[in-house]
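Structure below is run04.csv: CSV, C-alpha atoms.
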```csv
chain,number,residue,atom,x,y,z
A,1,MET,CA,-26.9,41.5,29.4
A,2,LYS,CA,-26.2,42.2,25.7
A,3,ARG,CA,-23.2,39.8,25.8
A,4,LYS,CA,-25.4,37.1,27.4
A,5,ARG,CA,-28.0,37.5,24.6
A,6,LEU,CA,-25.2,37.4,22.0
A,7,PHE,CA,-23.8,34.2,23.5
A,8,ILE,CA,-27.3,32.6,23.4
A,9,SER,CA,-27.9,33.7,19.8
A,10,LEU,CA,-24.6,32.1,18.8
A,11,LEU,CA,-25.4,28.9,20.6
A,12,PHE,CA,-28.7,28.6,18.9
A,13,ALA,CA,-27.0,29.3,15.5
A,14,LEU,CA,-24.5,26.5,16.1
A,15,LEU,CA,-27.3,24.1,17.1
A,16,ALA,CA,-29.4,25.0,14.1
A,17,PHE,CA,-26.5,24.4,11.7
A,18,PRO,CA,-24.5,21.4,13.0
A,19,ALA,CA,-21.0,20.7,11.7
A,20,HIS,CA,-20.7,18.3,8.8
A,21,SER,CA,-20.3,14.8,10.2
A,22,VAL,CA,-17.6,12.4,8.8
A,23,GLU,CA,-19.0,9.2,7.2
A,24,TYR,CA,-17.1,5.9,6.9
A,25,VAL,CA,-17.6,2.7,5.1
A,26,THR,CA,-16.2,-0.5,6.5
A,27,GLY,CA,-16.1,-4.1,5.4
A,28,ASN,CA,-14.0,-7.2,4.7
A,29,ILE,CA,-12.4,-8.6,1.5
A,30,SER,CA,-11.6,-12.3,1.0
A,31,LYS,CA,-9.9,-14.2,-1.8
A,32,LYS,CA,-10.9,-17.6,-3.1
A,33,ASP,CA,-8.2,-20.1,-4.1
A,34,SER,CA,-8.8,-23.8,-3.1
A,35,VAL,CA,-10.2,-22.2,0.1
A,36,VAL,CA,-11.5,-18.8,1.1
A,37,SER,CA,-9.0,-16.7,3.1
A,38,ALA,CA,-8.4,-13.0,3.9
A,39,ALA,CA,-7.5,-10.8,1.0
A,40,ASP,CA,-4.6,-9.1,2.9
A,41,TYR,CA,-3.6,-5.7,1.5
A,42,ALA,CA,-6.3,-5.7,-1.1
A,43,MET,CA,-7.2,-2.2,-2.5
A,44,ILE,CA,-10.5,-0.4,-2.2
A,45,TYR,CA,-11.0,2.5,-4.6
A,46,LEU,CA,-13.7,5.1,-5.3
A,47,PRO,CA,-13.2,6.0,-9.0
A,48,GLU,CA,-15.4,9.0,-9.1
A,49,TYR,CA,-13.6,10.6,-6.1
A,50,LYS,CA,-10.1,9.2,-6.8
A,51,VAL,CA,-9.7,8.1,-3.2
A,52,GLY,CA,-9.0,4.7,-1.8
A,53,ALA,CA,-7.6,2.6,1.1
A,54,ILE,CA,-5.7,-0.6,1.7
A,55,ALA,CA,-7.1,-3.5,3.7
A,56,ASP,CA,-5.1,-4.9,6.6
A,57,GLU,CA,-3.8,-8.4,7.0
A,58,GLN,CA,-7.3,-9.8,7.9
A,59,GLY,CA,-8.8,-8.1,4.8
A,60,ASN,CA,-10.6,-5.5,6.9
A,61,TYR,CA,-10.9,-1.9,5.6
A,62,ARG,CA,-12.2,1.5,6.7
A,63,ILE,CA,-12.5,4.3,4.3
A,64,GLN,CA,-13.6,7.9,4.9
A,65,LEU,CA,-16.1,9.1,2.4
A,66,PRO,CA,-15.4,12.4,0.5
A,67,ALA,CA,-18.0,15.2,1.0
A,68,GLY,CA,-21.1,14.5,-1.1
A,69,ALA,CA,-20.6,10.8,-1.5
A,70,LYS,CA,-23.2,9.9,1.1
A,71,GLU,CA,-25.9,11.9,-0.7
A,72,LYS,CA,-25.0,11.0,-4.3
A,73,GLY,CA,-24.0,7.3,-3.7
A,74,PHE,CA,-20.7,6.0,-5.0
A,75,ARG,CA,-19.0,3.1,-6.8
A,76,MET,CA,-16.4,1.0,-5.0
A,77,GLU,CA,-13.7,-1.0,-6.7
A,78,PHE,CA,-12.1,-4.0,-5.0
A,79,SER,CA,-8.9,-5.4,-6.4
A,80,MET,CA,-5.9,-7.4,-5.6
A,81,ILE,CA,-3.0,-8.5,-7.8
A,82,GLY,CA,-3.6,-12.0,-9.1
A,83,TYR,CA,-7.3,-11.8,-8.5
A,84,GLU,CA,-10.4,-10.5,-10.3
A,85,THR,CA,-11.5,-6.9,-9.8
A,86,LYS,CA,-15.1,-6.4,-8.5
A,87,TRP,CA,-17.3,-3.3,-8.4
A,88,GLN,CA,-20.2,-2.4,-6.2
A,89,ASP,CA,-22.6,0.5,-6.4
A,90,VAL,CA,-23.4,1.7,-2.9
A,91,ARG,CA,-26.3,3.8,-1.5
A,92,TRP,CA,-26.0,5.0,2.0
A,93,ALA,CA,-28.0,2.6,4.3
A,94,GLU,CA,-27.6,4.0,7.8
A,95,ALA,CA,-30.5,2.2,9.4
A,96,ALA,CA,-29.5,-1.4,9.6
A,97,ASN,CA,-25.7,-1.4,9.6
A,98,GLY,CA,-24.8,2.2,10.4
A,99,THR,CA,-24.5,4.1,13.6
A,100,THR,CA,-25.7,7.6,14.3
A,101,GLY,CA,-23.8,10.4,15.9
A,102,GLU,CA,-20.6,12.2,15.0
A,103,ASP,CA,-19.0,9.2,13.4
A,104,PRO,CA,-21.7,7.3,11.3
A,105,THR,CA,-20.5,4.2,9.7
A,106,MET,CA,-22.0,1.8,7.2
A,107,LYS,CA,-20.7,-1.8,7.1
A,108,LEU,CA,-20.8,-3.6,3.8
A,109,ASP,CA,-21.1,-7.4,3.2
A,110,THR,CA,-17.9,-9.3,2.6
A,111,VAL,CA,-16.6,-9.2,-1.0
A,112,THR,CA,-14.8,-12.3,-2.3
A,113,LEU,CA,-12.3,-12.1,-5.1
A,114,GLY,CA,-11.7,-15.1,-7.3
A,115,PHE,CA,-8.7,-15.8,-9.6
A,116,GLU,CA,-8.1,-13.1,-12.2
A,117,PRO,CA,-9.5,-14.4,-15.5
A,118,ILE,CA,-6.5,-14.0,-17.9
A,119,MET,CA,-7.0,-14.9,-21.6
A,120,LEU,CA,-4.0,-16.7,-23.2
A,121,ALA,CA,-2.1,-14.5,-25.7
A,122,ALA,CA,-2.4,-16.8,-28.7
A,123,SER,CA,-1.0,-14.2,-31.1
A,124,TYR,CA,0.3,-10.6,-30.7
A,125,VAL,CA,1.3,-8.8,-33.9
A,126,THR,CA,4.2,-6.5,-33.4
A,127,PRO,CA,6.4,-4.4,-35.8
A,128,ASP,CA,9.1,-6.4,-37.5
A,129,GLY,CA,8.1,-9.5,-35.5
A,130,MET,CA,9.5,-7.9,-32.3
A,131,ASP,CA,9.0,-10.0,-29.1
A,132,PRO,CA,5.6,-9.0,-27.7
A,133,ALA,CA,6.8,-8.3,-24.2
A,134,LYS,CA,9.7,-6.2,-25.4
A,135,TYR,CA,7.4,-4.2,-27.7
A,136,ILE,CA,4.9,-3.5,-24.9
A,137,LEU,CA,7.6,-2.4,-22.5
A,138,SER,CA,9.2,-0.1,-25.2
A,139,GLN,CA,5.8,1.6,-25.6
A,140,VAL,CA,5.5,2.0,-21.8
A,141,TRP,CA,8.8,3.7,-21.4
A,142,LYS,CA,8.3,5.8,-24.5
A,143,THR,CA,4.9,7.0,-23.2
A,144,ALA,CA,6.4,7.5,-19.7
A,145,ASP,CA,8.9,10.0,-21.1
A,146,LYS,CA,6.1,12.1,-22.6
A,147,ASN,CA,3.8,11.8,-19.6
A,148,LYS,CA,6.6,13.0,-17.2
A,149,LYS,CA,6.1,16.5,-18.6
A,150,LYS,CA,2.3,16.3,-18.3
A,151,VAL,CA,2.5,15.3,-14.6
A,152,ALA,CA,4.8,18.2,-13.7
A,153,ASN,CA,1.9,19.9,-12.0
A,154,TYR,CA,-0.6,18.2,-9.7
A,155,LYS,CA,-1.9,18.2,-6.1
A,156,ALA,CA,-2.4,15.2,-3.9
A,157,GLU,CA,-3.3,14.2,-0.4
A,158,VAL,CA,-1.0,11.4,0.8
A,159,GLN,CA,-1.3,9.1,3.8
A,160,PHE,CA,1.6,6.9,4.9
A,161,ASP,CA,1.4,4.1,7.4
A,162,VAL,CA,4.4,2.2,8.8
A,163,THR,CA,4.1,-0.9,10.9
A,164,THR,CA,6.8,-3.3,12.4
A,165,HIS,CA,6.3,-6.7,13.8
A,166,ASN,CA,8.6,-8.9,15.9
A,167,LEU,CA,11.8,-7.1,14.8
A,168,PRO,CA,13.6,-7.2,18.2
A,169,ILE,CA,13.5,-11.0,18.1
A,170,ILE,CA,15.3,-11.1,14.8
A,171,ALA,CA,17.8,-8.4,15.9
A,172,GLN,CA,18.9,-10.6,18.7
A,173,ILE,CA,19.2,-13.8,16.6
A,174,ILE,CA,20.8,-12.7,13.3
A,175,PRO,CA,24.7,-12.4,13.2
A,176,GLY,CA,26.1,-9.1,14.5
A,177,PHE,CA,28.0,-8.4,11.3
A,178,THR,CA,24.8,-8.7,9.2
A,179,LEU,CA,22.9,-6.5,11.7
A,180,GLY,CA,25.7,-3.9,11.4
A,181,ILE,CA,25.3,-3.8,7.6
A,182,VAL,CA,21.5,-3.3,8.0
A,183,LYS,CA,22.0,-0.5,10.4
A,184,MET,CA,24.6,1.2,8.2
A,185,GLY,CA,22.4,0.9,5.2
A,186,ALA,CA,19.4,2.4,7.1
A,187,ALA,CA,21.6,5.3,8.4
A,188,PHE,CA,22.8,6.0,4.9
A,189,MET,CA,19.2,6.2,3.6
A,190,GLY,CA,18.3,8.5,6.5
A,191,PHE,CA,16.3,6.1,8.5
A,192,GLY,CA,18.8,5.3,11.3
A,193,PRO,CA,16.7,6.5,14.3
A,194,PHE,CA,13.6,4.6,13.1
A,195,VAL,CA,15.5,1.3,12.5
A,196,ASP,CA,17.5,1.5,15.7
A,197,TYR,CA,14.3,2.0,17.7
A,198,SER,CA,12.4,-0.8,15.8
A,199,LEU,CA,15.1,-3.3,16.5
A,200,LYS,CA,15.1,-2.6,20.3
A,201,THR,CA,11.4,-2.0,20.9
A,202,GLN,CA,8.0,-3.8,20.7
A,203,ASP,CA,6.0,-3.5,17.5
A,204,LEU,CA,5.2,0.1,16.5
A,205,PHE,CA,2.7,1.9,14.3
A,206,ALA,CA,2.6,5.4,12.9
A,207,GLN,CA,0.4,7.2,10.4
A,208,VAL,CA,1.4,10.4,8.6
A,209,THR,CA,-0.7,12.7,6.3
A,210,LEU,CA,0.4,15.6,4.1
A,211,GLU,CA,-0.7,17.7,1.2
A,212,ARG,CA,1.7,17.7,-1.8
A,213,THR,CA,1.7,20.3,-4.6
A,214,VAL,CA,4.0,19.7,-7.6
A,215,THR,CA,4.8,22.7,-9.7
A,216,ASN,CA,7.0,22.4,-12.8
A,217,GLY,CA,8.2,19.1,-11.5
A,218,ARG,CA,9.1,20.4,-8.0
A,219,ALA,CA,7.3,19.0,-5.0
A,220,LYS,CA,6.3,21.0,-2.0
A,221,ASP,CA,4.7,19.3,1.1
A,222,ASN,CA,2.4,21.2,3.4
A,223,ASN,CA,0.5,20.4,6.6
A,224,ILE,CA,2.6,17.3,7.5
A,225,GLN,CA,1.0,15.6,10.5
A,226,MET,CA,1.5,12.4,12.4
A,227,VAL,CA,-2.1,11.7,13.1
A,228,LYS,CA,-1.6,8.3,14.9
A,229,CYS,CA,1.4,6.5,16.5
A,230,SER,CA,2.4,4.0,19.1
A,231,ASP,CA,2.6,5.2,22.7
A,232,GLY,CA,5.9,6.5,23.8
A,233,LEU,CA,7.4,7.0,20.3
A,234,PRO,CA,10.5,9.3,20.7
A,235,LYS,CA,10.5,12.6,18.9
A,236,SER,CA,13.5,11.7,16.8
A,237,VAL,CA,11.7,8.6,15.5
A,238,LYS,CA,8.6,10.6,14.7
A,239,THR,CA,10.6,13.2,12.8
A,240,ASN,CA,12.5,10.4,11.0
A,241,ILE,CA,9.3,8.8,9.8
A,242,MET,CA,7.7,12.2,8.8
A,243,THR,CA,10.7,13.3,6.8
A,244,GLY,CA,10.7,10.0,4.9
A,245,PHE,CA,8.1,11.5,2.5
A,246,LYS,CA,10.6,13.9,1.0
A,247,LYS,CA,12.4,10.9,-0.5
A,248,ILE,CA,9.3,9.6,-2.4
A,249,ASN,CA,8.6,10.5,-6.0
A,250,LEU,CA,5.0,9.4,-6.8
A,251,TYR,CA,5.6,9.2,-10.5
A,252,GLY,CA,9.0,7.5,-9.9
A,253,MET,CA,7.2,4.8,-7.9
A,254,LEU,CA,5.9,3.4,-11.2
A,255,TYR,CA,8.2,4.6,-13.9
A,256,GLY,CA,11.5,5.2,-12.2
A,257,ASN,CA,13.2,8.4,-11.1
A,258,ASP,CA,16.1,9.9,-13.0
A,259,ASN,CA,18.0,6.6,-12.8
A,260,ALA,CA,14.9,4.9,-14.5
A,261,TRP,CA,15.3,1.6,-12.6
A,262,GLY,CA,12.2,0.1,-14.2
A,263,ARG,CA,13.4,0.8,-17.7
A,264,LYS,CA,16.8,-0.8,-17.0
A,265,PHE,CA,15.3,-3.7,-15.2
A,266,SER,CA,12.9,-4.5,-18.0
A,267,ARG,CA,15.6,-4.3,-20.7
A,268,ARG,CA,17.9,-6.8,-19.0
A,269,SER,CA,15.2,-9.1,-17.8
A,270,ASP,CA,13.3,-11.5,-20.1
A,271,PHE,CA,9.7,-10.7,-19.5
A,272,GLU,CA,7.0,-12.9,-21.1
A,273,LEU,CA,3.5,-11.9,-22.2
A,274,ILE,CA,1.4,-14.5,-20.4
A,275,GLY,CA,-2.0,-13.2,-21.3
A,276,SER,CA,-4.5,-10.3,-21.3
A,277,TYR,CA,-7.9,-9.4,-19.7
A,278,LEU,CA,-10.4,-6.6,-19.7
A,279,TYR,CA,-10.4,-3.9,-17.1
A,280,ASP,CA,-13.2,-1.4,-17.3
A,281,ASP,CA,-13.5,-2.2,-21.1
A,282,LYS,CA,-9.8,-1.7,-21.6
A,283,ILE,CA,-7.3,-4.4,-22.6
A,284,VAL,CA,-4.7,-5.1,-20.0
A,285,ASP,CA,-1.6,-7.1,-20.9
A,286,VAL,CA,0.1,-9.2,-18.2
A,287,LEU,CA,3.9,-9.5,-18.4
A,288,HIS,CA,5.8,-11.9,-16.1
A,289,TRP,CA,9.5,-12.5,-15.2
A,290,GLU,CA,11.1,-14.9,-12.8
A,291,ASP,CA,14.7,-15.7,-11.9
A,292,PRO,CA,15.4,-19.4,-12.5
A,293,ASN,CA,18.1,-19.3,-9.8
A,294,SER,CA,15.8,-18.0,-7.1
A,295,ASP,CA,12.1,-17.4,-6.3
A,296,ALA,CA,12.3,-13.8,-7.3
A,297,THR,CA,9.4,-12.7,-9.6
A,298,ALA,CA,8.0,-9.6,-11.2
A,299,THR,CA,4.6,-9.1,-12.8
A,300,LEU,CA,3.4,-6.0,-14.7
A,301,HIS,CA,-0.2,-5.2,-15.8
A,302,ILE,CA,-0.1,-2.7,-18.8
A,303,VAL,CA,-3.2,-0.9,-20.1
A,304,GLU,CA,-2.8,-0.9,-23.9
A,305,GLU,CA,-5.0,2.3,-24.5
A,306,ASN,CA,-2.5,4.6,-22.8
A,307,TRP,CA,0.5,2.3,-22.2
A,308,GLY,CA,0.2,3.0,-18.5
A,309,ILE,CA,1.1,0.6,-15.7
A,310,LEU,CA,-2.0,-0.5,-13.8
A,311,LYS,CA,-0.4,-3.0,-11.3
A,312,VAL,CA,3.1,-4.0,-10.3
A,313,GLN,CA,4.1,-6.9,-8.1
A,314,VAL,CA,7.8,-7.6,-7.3
A,315,GLY,CA,9.0,-10.1,-4.8
A,316,ARG,CA,11.1,-12.9,-3.6
A,317,GLY,CA,8.9,-15.4,-2.0
A,318,GLU,CA,6.7,-13.1,0.0
A,319,GLU,CA,5.7,-9.9,-2.0
A,320,ALA,CA,8.2,-7.1,-1.4
A,321,VAL,CA,6.5,-4.4,-3.4
A,322,LEU,CA,2.9,-4.1,-4.5
A,323,CYS,CA,1.7,-1.0,-6.4
A,324,GLN,CA,-1.7,-0.2,-7.9
A,325,ALA,CA,-2.3,2.7,-10.2
A,326,ARG,CA,-5.3,4.4,-11.8
A,327,ASP,CA,-6.0,7.0,-14.5
A,328,ILE,CA,-6.0,10.3,-12.6
A,329,GLY,CA,-8.2,11.9,-15.2
A,330,ASN,CA,-5.8,12.8,-18.0
A,331,GLY,CA,-5.0,9.3,-19.4
A,332,ILE,CA,-1.9,9.1,-17.1
A,333,TYR,CA,-1.7,6.2,-14.6
A,334,MET,CA,-0.3,7.3,-11.3
A,335,PRO,CA,0.0,5.2,-8.1
A,336,VAL,CA,-2.9,5.3,-5.7
A,337,SER,CA,-1.7,2.6,-3.4
A,338,PHE,CA,1.9,1.4,-2.8
A,339,ILE,CA,2.9,-1.3,-0.3
A,340,MET,CA,6.5,-2.1,0.6
A,341,LYS,CA,6.9,-5.3,2.6
A,342,PRO,CA,10.6,-6.3,2.7
A,343,SER,CA,10.9,-10.0,3.4
A,344,LEU,CA,13.3,-10.0,6.4
A,345,THR,CA,13.1,-13.7,7.2
A,346,ARG,CA,10.5,-16.4,7.2
A,347,ILE,CA,10.3,-19.5,9.2
A,348,LYS,CA,7.8,-22.1,8.0
A,349,HIS,CA,5.4,-23.6,10.5
A,350,SER,CA,7.1,-27.1,10.2
A,351,ASP,CA,10.5,-25.6,11.0
A,352,ILE,CA,9.5,-23.6,14.1
A,353,PRO,CA,10.3,-26.4,16.6
A,354,LYS,CA,13.9,-26.7,15.3
A,355,PHE,CA,14.2,-22.9,15.5
A,356,ILE,CA,12.9,-22.9,19.1
A,357,GLU,CA,15.7,-25.3,20.1
A,358,ARG,CA,18.2,-23.0,18.4
A,359,VAL,CA,16.9,-20.0,20.4
A,360,LYS,CA,17.2,-22.0,23.6
A,361,THR,CA,20.9,-22.8,23.0
A,362,GLU,CA,22.0,-19.6,21.3
A,363,LYS,CA,24.8,-17.9,23.2
A,364,GLY,CA,24.7,-14.2,24.0
A,365,LEU,CA,20.9,-13.8,23.9
A,366,ASN,CA,19.3,-11.5,26.4
A,367,LYS,CA,17.3,-13.5,28.9
A,368,THR,CA,14.1,-11.4,28.4
A,369,ILE,CA,14.4,-11.6,24.6
A,370,ARG,CA,15.1,-15.3,24.7
A,371,LYS,CA,11.9,-15.9,26.8
A,372,ARG,CA,9.8,-13.7,24.6
A,373,ALA,CA,11.1,-15.2,21.4
A,374,ILE,CA,10.3,-18.7,22.5
A,375,LYS,CA,6.8,-17.6,23.6
A,376,VAL,CA,6.1,-15.9,20.3
A,377,LEU,CA,7.4,-18.9,18.3
A,378,GLU,CA,5.4,-21.4,20.3
A,379,GLN,CA,2.3,-19.3,19.8
A,380,HIS,CA,2.8,-19.3,16.0
A,381,HIS,CA,3.4,-23.0,16.0
A,382,GLU,CA,0.2,-23.6,18.1
A,383,ASP,CA,-1.8,-21.4,15.8
A,384,GLY,CA,-0.5,-23.3,12.7
A,385,LYS,CA,1.2,-20.1,11.3
A,386,ASP,CA,4.6,-19.3,9.8
A,387,PHE,CA,6.8,-16.9,11.7
A,388,ASN,CA,7.2,-13.8,9.5
A,389,PRO,CA,8.6,-10.6,11.1
A,390,TYR,CA,8.3,-7.5,8.9
A,391,ILE,CA,8.3,-3.8,8.3
A,392,ILE,CA,5.4,-2.6,6.2
A,393,GLY,CA,5.1,0.8,4.6
A,394,CYS,CA,1.8,1.7,2.9
A,395,TYR,CA,0.9,4.8,0.8
A,396,ASN,CA,-2.6,5.9,-0.1
A,397,VAL,CA,-2.8,8.8,-2.6
A,398,HIS,CA,-5.8,11.0,-3.4
A,399,TYR,CA,-5.2,13.3,-6.4
A,400,LEU,CA,-6.9,16.7,-6.4
A,401,PRO,CA,-7.8,19.0,-9.4
A,402,LEU,CA,-5.5,22.0,-9.8
A,403,GLU,CA,-7.1,25.3,-9.2
```
Whole structure, structure tokens version:
Amino acid sequence: MKRKRLFISLLFALLAFPAHSVEYVTGNISKKDSVVSAADYAMIYLPEYKVGAIADEQGNYRIQLPAGAKEKGFRMEFSMIGYETKWQDVRWAEAANGTTGEDPTMKLDTVTLGFEPIMLAASYVTPDGMDPAKYILSQVWKTADKNKKKVANYKAEVQFDVTTHNLPIIAQIIPGFTLGIVKMGAAFMGFGPFVDYSLKTQDLFAQVTLERTVTNGRAKDNNIQMVKCSDGLPKSVKTNIMTGFKKINLYGMLYGNDNAWGRKFSRRSDFELIGSYLYDDKIVDVLHWEDPNSDATATLHIVEENWGILKVQVGRGEEAVLCQARDIGNGIYMPVSFIMKPSLTRIKHSDIPKFIERVKTEKGLNKTIRKRAIKVLEQHHEDGKDFNPYIIGCYNVHYLPLE
């Protein structure tokens, strides 16, 4: 009888003090060029809480609110490289757009980003008449050396998403020798199981989270979890994706690891200062480089106040690397979102019919793969889209105060 009364008392206690519900904000971001289109992979950031998310290919996003944000309200920052940054102050409005229950969600109106307003750099005074771009970059790397010691201790919550699209089709079409080189390189980098599975299987998706603590420059990862993944993903592939975090140096994403790739690249490449703009009352210089022999480009956005990198875009045609950084509270800019989208191959919409004919006559193609390839290509052509198979890796980083 006493046990029964105790159970009832506990039950009433639980009902009286319900568990904290998780709140989300969802919405869509578009960009305006000559026409309005989806702002694919735009970044959403909450400066006060140092947490953010990346929109998908359609510009849709869903971000989990930190504890207390619903009650206090919060500011949202919407940004995309090459487009203006917009801010929106949000107060929780659960009645019209939200839902009630364990997973309340508030949907915001679509945010449209226009071209980034860049002021032309008419004059930039440097010591001894040094080239402006070279001077700015020299300040970046000089400051990076000092900041490396300052970021030797920090905590962060990291989320990594990996997605593949239409890789088996490409694996069957590209020459065997080239495919062998790709597999060998993947194996050398420690991603053999993941690449092998991706080349043979339908599109896959996986999301991993972890908590990273860096002490005196040494990183330790705890609570590594694969929170979402495609059905039937083999254990070896899951392990392969999860261990990939150990290869990532967050500071090195922006400023280079021990080999300082960014420093070397900027010294042997002729960057040009193309203009400046204001970001949150700070002057940001925009440096640009392009290879005259190819369509390879690189653009850096440098905050003059702390000589930190705010944005990076490196690519050949389609963007290969996009990185956005923010001041994590001590004047040091660290990456909060990082997207790797290697351009494997791209077939323009106008060239798809020719490629379909090639697939039909290509020798040695698996019958099932041939049929699927033709169907996918015809669908892209019918929809008026280019055919662009890819692997995407996205990082979202939330920095936490040290205890």
Residue with the minimum atom-to-atom distance to Val314 of chain A, picked from A:Val162, A:Asn147, A:Cys394, A:Ile81 with all atoms listed in the file counted, is A:Ile81
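A distance cut-off of 6 Å around (-12.3, -1.5, 2.0), counting all atoms listed in the file, selects these protein and nucleic acid residues: Gly27, Ile44, Ala55, Tyr61 and Arg62 of chain A.
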Using all atoms listed in the file, the best pick from A:Ile347, A:Gln207, A:Tyr399, A:Thr213 as closest to Met334 of chain A would be A:Tyr399
**Message:** Give me, as a PyMOL selection string, all polymer residues having an atom no more than 10 Å from Asn60 of chain A, counting all atoms listed in the file and skipping those fewer than 6 positions away in the same chain.
**Reply:** chain A and resi 26-30+38-42+54+110
What separates atom CA of Lys107 of chain A and atom CA of Leu210 of chain A is a distance of 27.5 Å
Min atom-atom distance to Ala67 of chain A from the set A:Trp307, A:His288, A:Tyr24, A:Val151, counting only C-alpha atoms, belongs to A:Tyr24
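What separates atom CA of Gly68 of chain A from atom CA of Lys155 of chain A is a distance of 20.2 Å.
Atom CA of Gln313 of chain A is positioned 27.1 Å from atom CA of His380 of chain A.
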